>>> print(open('model-v6.pdb').read())   # PDB, N, CA and C atoms
ATOM      1  N   MET A  10       5.318 -77.134  14.721
ATOM      2  CA  MET A  10       6.129 -77.564  15.845
ATOM      3  C   MET A  10       5.206 -78.093  16.942
ATOM      4  N   GLU A  11       5.548 -79.220  17.422
ATOM      5  CA  GLU A  11       4.747 -79.838  18.466
ATOM      6  C   GLU A  11       5.378 -79.533  19.820
ATOM      7  N   ILE A  12       4.549 -79.057  20.751
ATOM      8  CA  ILE A  12       5.034 -78.716  22.083
ATOM      9  C   ILE A  12       4.809 -79.929  22.981
ATOM     10  N   LYS A  13       5.931 -80.377  23.580
ATOM     11  CA  LYS A  13       5.848 -81.582  24.399
ATOM     12  C   LYS A  13       5.866 -81.269  25.883
ATOM     13  N   ASP A  14       6.452 -80.154  26.275
ATOM     14  CA  ASP A  14       6.475 -79.844  27.707
ATOM     15  C   ASP A  14       6.402 -78.324  27.913
ATOM     16  N   PHE A  15       6.333 -77.931  29.165
ATOM     17  CA  PHE A  15       6.181 -76.533  29.560
ATOM     18  C   PHE A  15       7.389 -75.706  29.164
ATOM     19  N   LYS A  16       8.575 -76.286  29.243
ATOM     20  CA  LYS A  16       9.811 -75.584  28.902
ATOM     21  C   LYS A  16       9.799 -75.168  27.430
ATOM     22  N   GLN A  17       9.354 -76.038  26.548
ATOM     23  CA  GLN A  17       9.261 -75.710  25.130
ATOM     24  C   GLN A  17       8.233 -74.590  24.893
ATOM     25  N   ALA A  18       7.145 -74.639  25.635
ATOM     26  CA  ALA A  18       6.107 -73.602  25.510
ATOM     27  C   ALA A  18       6.668 -72.241  25.901
ATOM     28  N   LEU A  19       7.475 -72.189  26.988
ATOM     29  CA  LEU A  19       8.089 -70.923  27.407
ATOM     30  C   LEU A  19       9.074 -70.405  26.360
ATOM     31  N   GLU A  20       9.881 -71.312  25.807
ATOM     32  CA  GLU A  20      10.841 -70.907  24.774
ATOM     33  C   GLU A  20      10.116 -70.379  23.530
ATOM     34  N   LEU A  21       9.037 -71.047  23.148
ATOM     35  CA  LEU A  21       8.262 -70.613  21.991
ATOM     36  C   LEU A  21       7.625 -69.238  22.263
ATOM     37  N   GLN A  22       7.157 -69.042  23.481
ATOM     38  CA  GLN A  22       6.563 -67.762  23.846
ATOM     39  C   GLN A  22       7.600 -66.648  23.764
ATOM     40  N   LYS A  23       8.828 -66.917  24.253
ATOM     41  CA  LYS A  23       9.886 -65.919  24.185
ATOM     42  C   LYS A  23      10.238 -65.574  22.744
ATOM     43  N   GLU A  24      10.334 -66.596  21.894
ATOM     44  CA  GLU A  24      10.651 -66.367  20.481
ATOM     45  C   GLU A  24       9.558 -65.545  19.788
ATOM     46  N   LEU A  25       8.307 -65.898  20.062
ATOM     47  CA  LEU A  25       7.191 -65.180  19.460
ATOM     48  C   LEU A  25       7.127 -63.729  19.972
ATOM     49  N   SER A  26       7.385 -63.544  21.240
ATOM     50  CA  SER A  26       7.389 -62.196  21.811
ATOM     51  C   SER A  26       8.486 -61.347  21.179
ATOM     52  N   ALA A  27       9.675 -61.934  21.043
ATOM     53  CA  ALA A  27      10.789 -61.210  20.422
ATOM     54  C   ALA A  27      10.463 -60.884  18.971
ATOM     55  N   SER A  28       9.876 -61.834  18.258
ATOM     56  CA  SER A  28       9.509 -61.615  16.864
ATOM     57  C   SER A  28       8.439 -60.527  16.747
ATOM     58  N   LEU A  29       7.461 -60.574  17.617
ATOM     59  CA  LEU A  29       6.404 -59.568  17.623
ATOM     60  C   LEU A  29       6.970 -58.184  17.920
ATOM     61  N   ALA A  30       7.841 -58.084  18.896
ATOM     62  CA  ALA A  30       8.462 -56.803  19.244
ATOM     63  C   ALA A  30       9.272 -56.256  18.071
ATOM     64  N   ALA A  31      10.003 -57.137  17.384
ATOM     65  CA  ALA A  31      10.786 -56.712  16.224
ATOM     66  C   ALA A  31       9.874 -56.215  15.107
ATOM     67  N   ASN A  32       8.770 -56.912  14.880
ATOM     68  CA  ASN A  32       7.818 -56.497  13.845
ATOM     69  C   ASN A  32       7.171 -55.145  14.187
ATOM     70  N   ILE A  33       6.812 -54.972  15.436
ATOM     71  CA  ILE A  33       6.207 -53.703  15.865
ATOM     72  C   ILE A  33       7.205 -52.565  15.693
ATOM     73  N   GLU A  34       8.448 -52.820  16.069
ATOM     74  CA  GLU A  34       9.493 -51.810  15.925
ATOM     75  C   GLU A  34       9.692 -51.465  14.451
ATOM     76  N   LYS A  35       9.689 -52.478  13.600
ATOM     77  CA  LYS A  35       9.859 -52.270  12.166
ATOM     78  C   LYS A  35       8.697 -51.447  11.604
ATOM     79  N   LEU A  36       7.478 -51.763  12.015
ATOM     80  CA  LEU A  36       6.309 -50.999  11.569
ATOM     81  C   LEU A  36       6.419 -49.543  12.003
ATOM     82  N   GLY A  37       6.880 -49.338  13.195
ATOM     83  CA  GLY A  37       7.041 -47.973  13.695
ATOM     84  C   GLY A  37       8.047 -47.178  12.881
ATOM     85  N   LYS A  38       9.094 -47.848  12.404
ATOM     86  CA  LYS A  38      10.113 -47.167  11.602
ATOM     87  C   LYS A  38       9.617 -46.893  10.196
ATOM     88  N   ASP A  39       8.778 -47.760   9.654
ATOM     89  CA  ASP A  39       8.271 -47.584   8.295
ATOM     90  C   ASP A  39       7.321 -46.395   8.191
ATOM     91  N   LYS A  40       6.556 -46.138   9.220
ATOM     92  CA  LYS A  40       5.609 -45.030   9.215
ATOM     93  C   LYS A  40       6.319 -43.751   9.645
ATOM     94  N   ALA A  41       5.831 -42.627   9.129
ATOM     95  CA  ALA A  41       6.359 -41.341   9.594
ATOM     96  C   ALA A  41       5.865 -41.128  11.017
ATOM     97  N   PRO A  42       6.753 -40.789  11.896
ATOM     98  CA  PRO A  42       6.314 -40.585  13.277
ATOM     99  C   PRO A  42       5.339 -39.413  13.369
ATOM    100  N   PRO A  43       4.374 -39.510  14.237
ATOM    101  CA  PRO A  43       3.385 -38.448  14.374
ATOM    102  C   PRO A  43       4.019 -37.083  14.679
ATOM    103  N   VAL A  44       5.123 -37.083  15.360
ATOM    104  CA  VAL A  44       5.788 -35.824  15.685
ATOM    105  C   VAL A  44       6.254 -35.129  14.412
ATOM    106  N   ALA A  45       6.791 -35.892  13.471
ATOM    107  CA  ALA A  45       7.249 -35.307  12.208
ATOM    108  C   ALA A  45       6.071 -34.715  11.437
ATOM    109  N   GLU A  46       4.944 -35.407  11.445
ATOM    110  CA  GLU A  46       3.748 -34.894  10.784
ATOM    111  C   GLU A  46       3.280 -33.610  11.455
ATOM    112  N   THR A  47       3.297 -33.598  12.766
ATOM    113  CA  THR A  47       2.889 -32.422  13.515
ATOM    114  C   THR A  47       3.810 -31.245  13.206
ATOM    115  N   ILE A  48       5.090 -31.507  13.118
ATOM    116  CA  ILE A  48       6.049 -30.448  12.792
ATOM    117  C   ILE A  48       5.752 -29.894  11.409
ATOM    118  N   LYS A  49       5.476 -30.776  10.461
ATOM    119  CA  LYS A  49       5.170 -30.342   9.094
ATOM    120  C   LYS A  49       3.913 -29.473   9.086
ATOM    121  N   GLU A  50       2.893 -29.899   9.815
ATOM    122  CA  GLU A  50       1.653 -29.118   9.902
ATOM    123  C   GLU A  50       1.913 -27.755  10.529
ATOM    124  N   GLN A  51       2.724 -27.747  11.595
ATOM    125  CA  GLN A  51       3.044 -26.483  12.263
ATOM    126  C   GLN A  51       3.821 -25.549  11.337
ATOM    127  N   GLU A  52       4.706 -26.106  10.523
ATOM    128  CA  GLU A  52       5.454 -25.298   9.570
ATOM    129  C   GLU A  52       4.513 -24.674   8.543
ATOM    130  N   GLN A  53       3.528 -25.448   8.097
ATOM    131  CA  GLN A  53       2.548 -24.918   7.152
ATOM    132  C   GLN A  53       1.709 -23.823   7.795
ATOM    133  N   LEU A  54       1.282 -24.054   9.030
ATOM    134  CA  LEU A  54       0.510 -23.039   9.744
ATOM    135  C   LEU A  54       1.329 -21.769   9.945
ATOM    136  N   LEU A  55       2.606 -21.935  10.254
ATOM    137  CA  LEU A  55       3.492 -20.790  10.430
ATOM    138  C   LEU A  55       3.622 -20.005   9.126
ATOM    139  N   ALA A  56       3.775 -20.708   8.021
ATOM    140  CA  ALA A  56       3.880 -20.034   6.716
ATOM    141  C   ALA A  56       2.595 -19.260   6.406
ATOM    142  N   GLN A  57       1.458 -19.855   6.699
ATOM    143  CA  GLN A  57       0.178 -19.181   6.474
ATOM    144  C   GLN A  57       0.042 -17.961   7.377
ATOM    145  N   ALA A  58       0.448 -18.107   8.631
ATOM    146  CA  ALA A  58       0.360 -16.990   9.569
ATOM    147  C   ALA A  58       1.286 -15.847   9.148
ATOM    148  N   ARG A  59       2.477 -16.183   8.662
ATOM    149  CA  ARG A  59       3.397 -15.143   8.185
ATOM    150  C   ARG A  59       2.816 -14.404   6.986
ATOM    151  N   ALA A  60       2.192 -15.142   6.068
ATOM    152  CA  ALA A  60       1.580 -14.518   4.897
ATOM    153  C   ALA A  60       0.435 -13.600   5.322
ATOM    154  N   ALA A  61      -0.371 -14.057   6.265
ATOM    155  CA  ALA A  61      -1.477 -13.229   6.760
ATOM    156  C   ALA A  61      -0.947 -11.971   7.451
ATOM    157  N   LEU A  62       0.132 -12.113   8.208
ATOM    158  CA  LEU A  62       0.741 -10.968   8.872
ATOM    159  C   LEU A  62       1.256  -9.957   7.853
ATOM    160  N   LYS A  63       1.910 -10.452   6.816
ATOM    161  CA  LYS A  63       2.437  -9.588   5.760
ATOM    162  C   LYS A  63       1.302  -8.811   5.096
ATOM    163  N   ASN A  64       0.208  -9.517   4.789
ATOM    164  CA  ASN A  64      -0.952  -8.855   4.182
ATOM    165  C   ASN A  64      -1.561  -7.826   5.119
ATOM    166  N   SER A  65      -1.630  -8.144   6.386
ATOM    167  CA  SER A  65      -2.185  -7.208   7.368
ATOM    168  C   SER A  65      -1.337  -5.951   7.451
ATOM    169  N   LYS A  66      -0.021  -6.114   7.419
ATOM    170  CA  LYS A  66       0.864  -4.953   7.460
ATOM    171  C   LYS A  66       0.677  -4.075   6.223
ATOM    172  N   LYS A  67       0.509  -4.719   5.057
ATOM    173  CA  LYS A  67       0.265  -3.953   3.832
ATOM    174  C   LYS A  67      -1.045  -3.182   3.935
ATOM    175  N   GLU A  68      -2.099  -3.856   4.406
ATOM    176  CA  GLU A  68      -3.391  -3.203   4.565
ATOM    177  C   GLU A  68      -3.302  -2.033   5.534
ATOM    178  N   LYS A  69      -2.569  -2.235   6.613
ATOM    179  CA  LYS A  69      -2.387  -1.167   7.606
ATOM    180  C   LYS A  69      -1.674   0.025   6.974
ATOM    181  N   ALA A  70      -0.635  -0.250   6.209
ATOM    182  CA  ALA A  70       0.124   0.820   5.564
ATOM    183  C   ALA A  70      -0.763   1.589   4.588
ATOM    184  N   LEU A  71      -1.576   0.872   3.820
ATOM    185  CA  LEU A  71      -2.476   1.540   2.878
ATOM    186  C   LEU A  71      -3.511   2.390   3.612
ATOM    187  N   ALA A  72      -4.069   1.836   4.677
ATOM    188  CA  ALA A  72      -5.056   2.584   5.457
ATOM    189  C   ALA A  72      -4.421   3.819   6.077
ATOM    190  N   ALA A  73      -3.215   3.677   6.600
ATOM    191  CA  ALA A  73      -2.521   4.818   7.200
ATOM    192  C   ALA A  73      -2.246   5.884   6.142
ATOM    193  N   LYS A  74      -1.866   5.458   4.959
ATOM    194  CA  LYS A  74      -1.588   6.399   3.873
ATOM    195  C   LYS A  74      -2.863   7.171   3.502
ATOM    196  N   ARG A  75      -3.979   6.455   3.409
ATOM    197  CA  ARG A  75      -5.257   7.123   3.089
ATOM    198  C   ARG A  75      -5.632   8.126   4.167
ATOM    199  N   TRP A  76      -5.454   7.736   5.433
ATOM    200  CA  TRP A  76      -5.775   8.662   6.517
ATOM    201  C   TRP A  76      -4.848   9.869   6.496
ATOM    202  N   GLU A  77      -3.589   9.671   6.197
ATOM    203  CA  GLU A  77      -2.656  10.802   6.096
ATOM    204  C   GLU A  77      -3.090  11.753   4.986
ATOM    205  N   GLN A  78      -3.551  11.199   3.871
ATOM    206  CA  GLN A  78      -4.037  12.032   2.773
ATOM    207  C   GLN A  78      -5.273  12.825   3.201
ATOM    208  N   ARG A  79      -6.186  12.177   3.893
ATOM    209  CA  ARG A  79      -7.388  12.872   4.383
ATOM    210  C   ARG A  79      -7.011  13.991   5.342
ATOM    211  N   ILE A  80      -6.106  13.682   6.251
ATOM    212  CA  ILE A  80      -5.671  14.689   7.221
ATOM    213  C   ILE A  80      -5.023  15.867   6.504
ATOM    214  N   GLN A  81      -4.178  15.573   5.512
ATOM    215  CA  GLN A  81      -3.507  16.631   4.762
ATOM    216  C   GLN A  81      -4.529  17.521   4.057
ATOM    217  N   LYS A  82      -5.542  16.922   3.448
ATOM    218  CA  LYS A  82      -6.591  17.700   2.783
ATOM    219  C   LYS A  82      -7.319  18.591   3.777
ATOM    220  N   ARG A  83      -7.617  18.052   4.938
ATOM    221  CA  ARG A  83      -8.337  18.835   5.948
ATOM    222  C   ARG A  83      -7.457  19.945   6.514
ATOM    223  N   GLU A  84      -6.167  19.662   6.683
ATOM    224  CA  GLU A  84      -5.254  20.714   7.141
ATOM    225  C   GLU A  84      -5.188  21.843   6.123
ATOM    226  N   THR A  85      -5.153  21.484   4.846
ATOM    227  CA  THR A  85      -5.139  22.500   3.781
ATOM    228  C   THR A  85      -6.428  23.312   3.808
ATOM    229  N   ALA A  86      -7.558  22.633   3.991
ATOM    230  CA  ALA A  86      -8.846  23.330   4.059
ATOM    231  C   ALA A  86      -8.882  24.284   5.247
ATOM    232  N   VAL A  87      -8.365  23.839   6.391
ATOM    233  CA  VAL A  87      -8.336  24.686   7.583
ATOM    234  C   VAL A  87      -7.459  25.918   7.333
ATOM    235  N   GLU A  88      -6.303  25.717   6.713
ATOM    236  CA  GLU A  88      -5.402  26.834   6.423
ATOM    237  C   GLU A  88      -6.065  27.843   5.485
ATOM    238  N   LEU A  89      -6.748  27.354   4.461
ATOM    239  CA  LEU A  89      -7.443  28.257   3.529
ATOM    240  C   LEU A  89      -8.544  29.041   4.234
ATOM    241  N   LEU A  90      -9.321  28.341   5.063
ATOM    242  CA  LEU A  90     -10.382  29.021   5.811
ATOM    243  C   LEU A  90      -9.805  30.058   6.764
ATOM    244  N   GLN A  91      -8.698  29.729   7.406
ATOM    245  CA  GLN A  91      -8.074  30.660   8.343
ATOM    246  C   GLN A  91      -7.566  31.907   7.599
ATOM    247  N   LYS A  92      -6.926  31.700   6.440
ATOM    248  CA  LYS A  92      -6.448  32.835   5.648
ATOM    249  C   LYS A  92      -7.625  33.697   5.182
ATOM    250  N   GLY A  93      -8.700  33.023   4.753
ATOM    251  CA  GLY A  93      -9.894  33.761   4.327
ATOM    252  C   GLY A  93     -10.465  34.586   5.457
ATOM    253  N   LEU A  94     -10.517  33.994   6.656
ATOM    254  CA  LEU A  94     -11.029  34.706   7.822
ATOM    255  C   LEU A  94     -10.146  35.891   8.163
ATOM    256  N   GLU A  95      -8.835  35.726   8.126
ATOM    257  CA  GLU A  95      -7.911  36.823   8.413
ATOM    258  C   GLU A  95      -8.057  37.947   7.385
ATOM    259  N   ASP A  96      -8.222  37.567   6.116
ATOM    260  CA  ASP A  96      -8.431  38.575   5.077
ATOM    261  C   ASP A  96      -9.715  39.360   5.328
ATOM    262  N   MET A  97     -10.774  38.656   5.708
ATOM    263  CA  MET A  97     -12.050  39.327   6.003
ATOM    264  C   MET A  97     -11.903  40.300   7.165
ATOM    265  N   LYS A  98     -11.162  39.861   8.199
ATOM    266  CA  LYS A  98     -10.952  40.738   9.360
ATOM    267  C   LYS A  98     -10.179  41.984   8.959
ATOM    268  N   LYS A  99      -9.160  41.834   8.101
ATOM    269  CA  LYS A  99      -8.373  42.987   7.627
ATOM    270  C   LYS A  99      -9.252  43.949   6.835
ATOM    271  N   ARG A 100     -10.093  43.387   5.965
ATOM    272  CA  ARG A 100     -10.994  44.239   5.183
ATOM    273  C   ARG A 100     -11.973  44.975   6.073
ATOM    274  N   LEU A 101     -12.489  44.253   7.072
ATOM    275  CA  LEU A 101     -13.425  44.869   8.007
ATOM    276  C   LEU A 101     -12.776  46.018   8.736
ATOM    277  N   LYS A 102     -11.511  45.870   9.170
ATOM    278  CA  LYS A 102     -10.786  46.927   9.852
ATOM    279  C   LYS A 102     -10.595  48.119   8.934
ATOM    280  N   LYS A 103     -10.271  47.857   7.647
ATOM    281  CA  LYS A 103     -10.093  48.932   6.679
ATOM    282  C   LYS A 103     -11.408  49.681   6.477
ATOM    283  N   ILE A 104     -12.516  48.913   6.411
ATOM    284  CA  ILE A 104     -13.815  49.534   6.204
ATOM    285  C   ILE A 104     -14.175  50.379   7.416
ATOM    286  N   GLU A 105     -13.943  49.853   8.612
ATOM    287  CA  GLU A 105     -14.264  50.560   9.842
ATOM    288  C   GLU A 105     -13.421  51.835   9.967
ATOM    289  N   LYS A 106     -12.157  51.800   9.535
ATOM    290  CA  LYS A 106     -11.280  52.966   9.600
ATOM    291  C   LYS A 106     -11.656  53.961   8.504
ATOM    292  N   GLY A 107     -12.074  53.408   7.406
ATOM    293  CA  GLY A 107     -12.250  54.105   6.222
ATOM    294  C   GLY A 107     -13.187  55.117   5.940
TER     295      GLY A 107
END
>>> encode(input="model-v6.pdb", output="C-alpha cells")
Amino acid sequence: MEIKDFKQALELQKELSASLAANIEKLGKDKAPPVAETIKEQEQLLAQARAALKNSKKEKALAAKRWEQRIQKRETAVELLQKGLEDMKKRLKKIEKG
C-alpha cells in the first residue's frame, strides 16, 4: 500500500495498532496466565506440606509412645524398689524386736 498523505498514514497506524493489540491479546489467551501457574505451584507445595505434617505427627506419636513405655518401666522399677525397701524395713523391725 502506498501512502500518499498524512491522513492515510494515521489510518494505517490505527489499523496496525488495533491489529497489534488483538495479536497481543490473543497471545495472552493462548498462554497459561502466570497466576494459574502460581496457584498450581502453591497447591503442590500445600500437598507436600500436608504430607510432611502427617509424617511429623506420626513420628511424634511414635516418640511419645516410646517415652510412655520408658516411663512405665521406670515406674515399675520404682514400685519394686519401694516394696523391697518396705520389706527390708519390716524385717529389720522384726529382727530388732526379736
>>> atom_distance(input="model-v6.pdb", atom1="atom CA of A:Ala60", atom2="atom CA of A:Arg79")
28.8 Å
>>> atom_distance(input="model-v6.pdb", atom1="atom CA of A:Ile104", atom2="atom CA of A:Thr85")
28.5 Å
>>> atom_distance(input="model-v6.pdb", atom1="atom N of A:Lys98", atom2="atom N of A:Arg83")
22.3 Å
>>> axis_aligned_box(input="model-v6.pdb", around="stretch 11-27 of chain A", padding_each_side="6 Å", output="lines of an AutoDock Vina configuration file")
center_x = 7.7
center_y = -71.2
center_z = 23.5
size_x = 18.3
size_y = 32.7
size_z = 24.1
>>> decode(input="model-v6.pdb", residues="stretch 40-102 of chain A", atoms="C-alpha atoms", output="PDB file, in the first residue's frame")
ATOM      1  CA  LYS A  40      -0.559 -18.939  27.270  1.00  0.00           C
ATOM      2  CA  ALA A  41      -1.484 -20.070  30.760  1.00  0.00           C
ATOM      3  CA  PRO A  42      -1.651 -16.988  32.905  1.00  0.00           C
ATOM      4  CA  PRO A  43       1.126 -16.744  35.469  1.00  0.00           C
ATOM      5  CA  VAL A  44      -1.448 -16.645  38.252  1.00  0.00           C
ATOM      6  CA  ALA A  45      -2.759 -20.082  37.272  1.00  0.00           C
ATOM      7  CA  GLU A  46       0.786 -21.455  37.296  1.00  0.00           C
ATOM      8  CA  THR A  47       1.404 -19.902  40.689  1.00  0.00           C
ATOM      9  CA  ILE A  48      -1.799 -21.434  42.030  1.00  0.00           C
ATOM     10  CA  LYS A  49      -0.747 -24.847  40.724  1.00  0.00           C
ATOM     11  CA  GLU A  50       2.670 -24.491  42.372  1.00  0.00           C
ATOM     12  CA  GLN A  51       1.055 -23.405  45.637  1.00  0.00           C
ATOM     13  CA  GLU A  52      -1.270 -26.413  45.522  1.00  0.00           C
ATOM     14  CA  GLN A  53       1.730 -28.702  45.090  1.00  0.00           C
ATOM     15  CA  LEU A  54       3.557 -27.010  47.953  1.00  0.00           C
ATOM     16  CA  LEU A  55       0.451 -27.351  50.112  1.00  0.00           C
ATOM     17  CA  ALA A  56       0.212 -31.071  49.321  1.00  0.00           C
ATOM     18  CA  GLN A  57       3.882 -31.528  50.227  1.00  0.00           C
ATOM     19  CA  ALA A  58       3.455 -29.558  53.443  1.00  0.00           C
ATOM     20  CA  ARG A  59       0.412 -31.643  54.415  1.00  0.00           C
ATOM     21  CA  ALA A  60       2.358 -34.859  53.802  1.00  0.00           C
ATOM     22  CA  ALA A  61       5.264 -33.574  55.896  1.00  0.00           C
ATOM     23  CA  LEU A  62       2.850 -32.590  58.672  1.00  0.00           C
ATOM     24  CA  LYS A  63       1.249 -36.040  58.613  1.00  0.00           C
ATOM     25  CA  ASN A  64       4.677 -37.685  58.864  1.00  0.00           C
ATOM     26  CA  SER A  65       5.681 -35.378  61.701  1.00  0.00           C
ATOM     27  CA  LYS A  66       2.537 -36.268  63.627  1.00  0.00           C
ATOM     28  CA  LYS A  67       3.268 -39.979  63.153  1.00  0.00           C
ATOM     29  CA  GLU A  68       6.849 -39.502  64.344  1.00  0.00           C
ATOM     30  CA  LYS A  69       5.611 -37.543  67.349  1.00  0.00           C
ATOM     31  CA  ALA A  70       3.119 -40.272  68.222  1.00  0.00           C
ATOM     32  CA  LEU A  71       5.813 -42.951  67.978  1.00  0.00           C
ATOM     33  CA  ALA A  72       8.218 -40.925  70.101  1.00  0.00           C
ATOM     34  CA  ALA A  73       5.507 -40.279  72.688  1.00  0.00           C
ATOM     35  CA  LYS A  74       4.670 -43.984  72.775  1.00  0.00           C
ATOM     36  CA  ARG A  75       8.338 -44.888  73.347  1.00  0.00           C
ATOM     37  CA  TRP A  76       8.622 -42.336  76.138  1.00  0.00           C
ATOM     38  CA  GLU A  77       5.438 -43.655  77.752  1.00  0.00           C
ATOM     39  CA  GLN A  78       6.925 -47.154  77.654  1.00  0.00           C
ATOM     40  CA  ARG A  79      10.154 -45.915  79.255  1.00  0.00           C
ATOM     41  CA  ILE A  80       8.224 -44.076  81.938  1.00  0.00           C
ATOM     42  CA  GLN A  81       6.101 -47.161  82.625  1.00  0.00           C
ATOM     43  CA  LYS A  82       9.229 -49.316  83.008  1.00  0.00           C
ATOM     44  CA  ARG A  83      10.768 -46.810  85.398  1.00  0.00           C
ATOM     45  CA  GLU A  84       7.554 -46.544  87.409  1.00  0.00           C
ATOM     46  CA  THR A  85       7.524 -50.339  87.720  1.00  0.00           C
ATOM     47  CA  ALA A  86      11.175 -50.309  88.808  1.00  0.00           C
ATOM     48  CA  VAL A  87      10.436 -47.624  91.409  1.00  0.00           C
ATOM     49  CA  GLU A  88       7.472 -49.619  92.751  1.00  0.00           C
ATOM     50  CA  LEU A  89       9.589 -52.783  93.038  1.00  0.00           C
ATOM     51  CA  LEU A  90      12.377 -50.908  94.808  1.00  0.00           C
ATOM     52  CA  GLN A  91       9.881 -49.296  97.173  1.00  0.00           C
ATOM     53  CA  LYS A  92       8.296 -52.675  98.013  1.00  0.00           C
ATOM     54  CA  GLY A  93      11.758 -54.159  98.545  1.00  0.00           C
ATOM     55  CA  LEU A  94      12.681 -51.292 100.854  1.00  0.00           C
ATOM     56  CA  GLU A  95       9.450 -51.673 102.846  1.00  0.00           C
ATOM     57  CA  ASP A  96      10.055 -55.415 103.171  1.00  0.00           C
ATOM     58  CA  MET A  97      13.589 -54.762 104.437  1.00  0.00           C
ATOM     59  CA  LYS A  98      12.270 -52.269 106.989  1.00  0.00           C
ATOM     60  CA  LYS A  99       9.684 -54.820 108.218  1.00  0.00           C
ATOM     61  CA  ARG A 100      12.364 -57.486 108.559  1.00  0.00           C
ATOM     62  CA  LEU A 101      14.626 -55.076 110.391  1.00  0.00           C
ATOM     63  CA  LYS A 102      11.814 -54.269 112.851  1.00  0.00           C
TER      64      LYS A 102
END
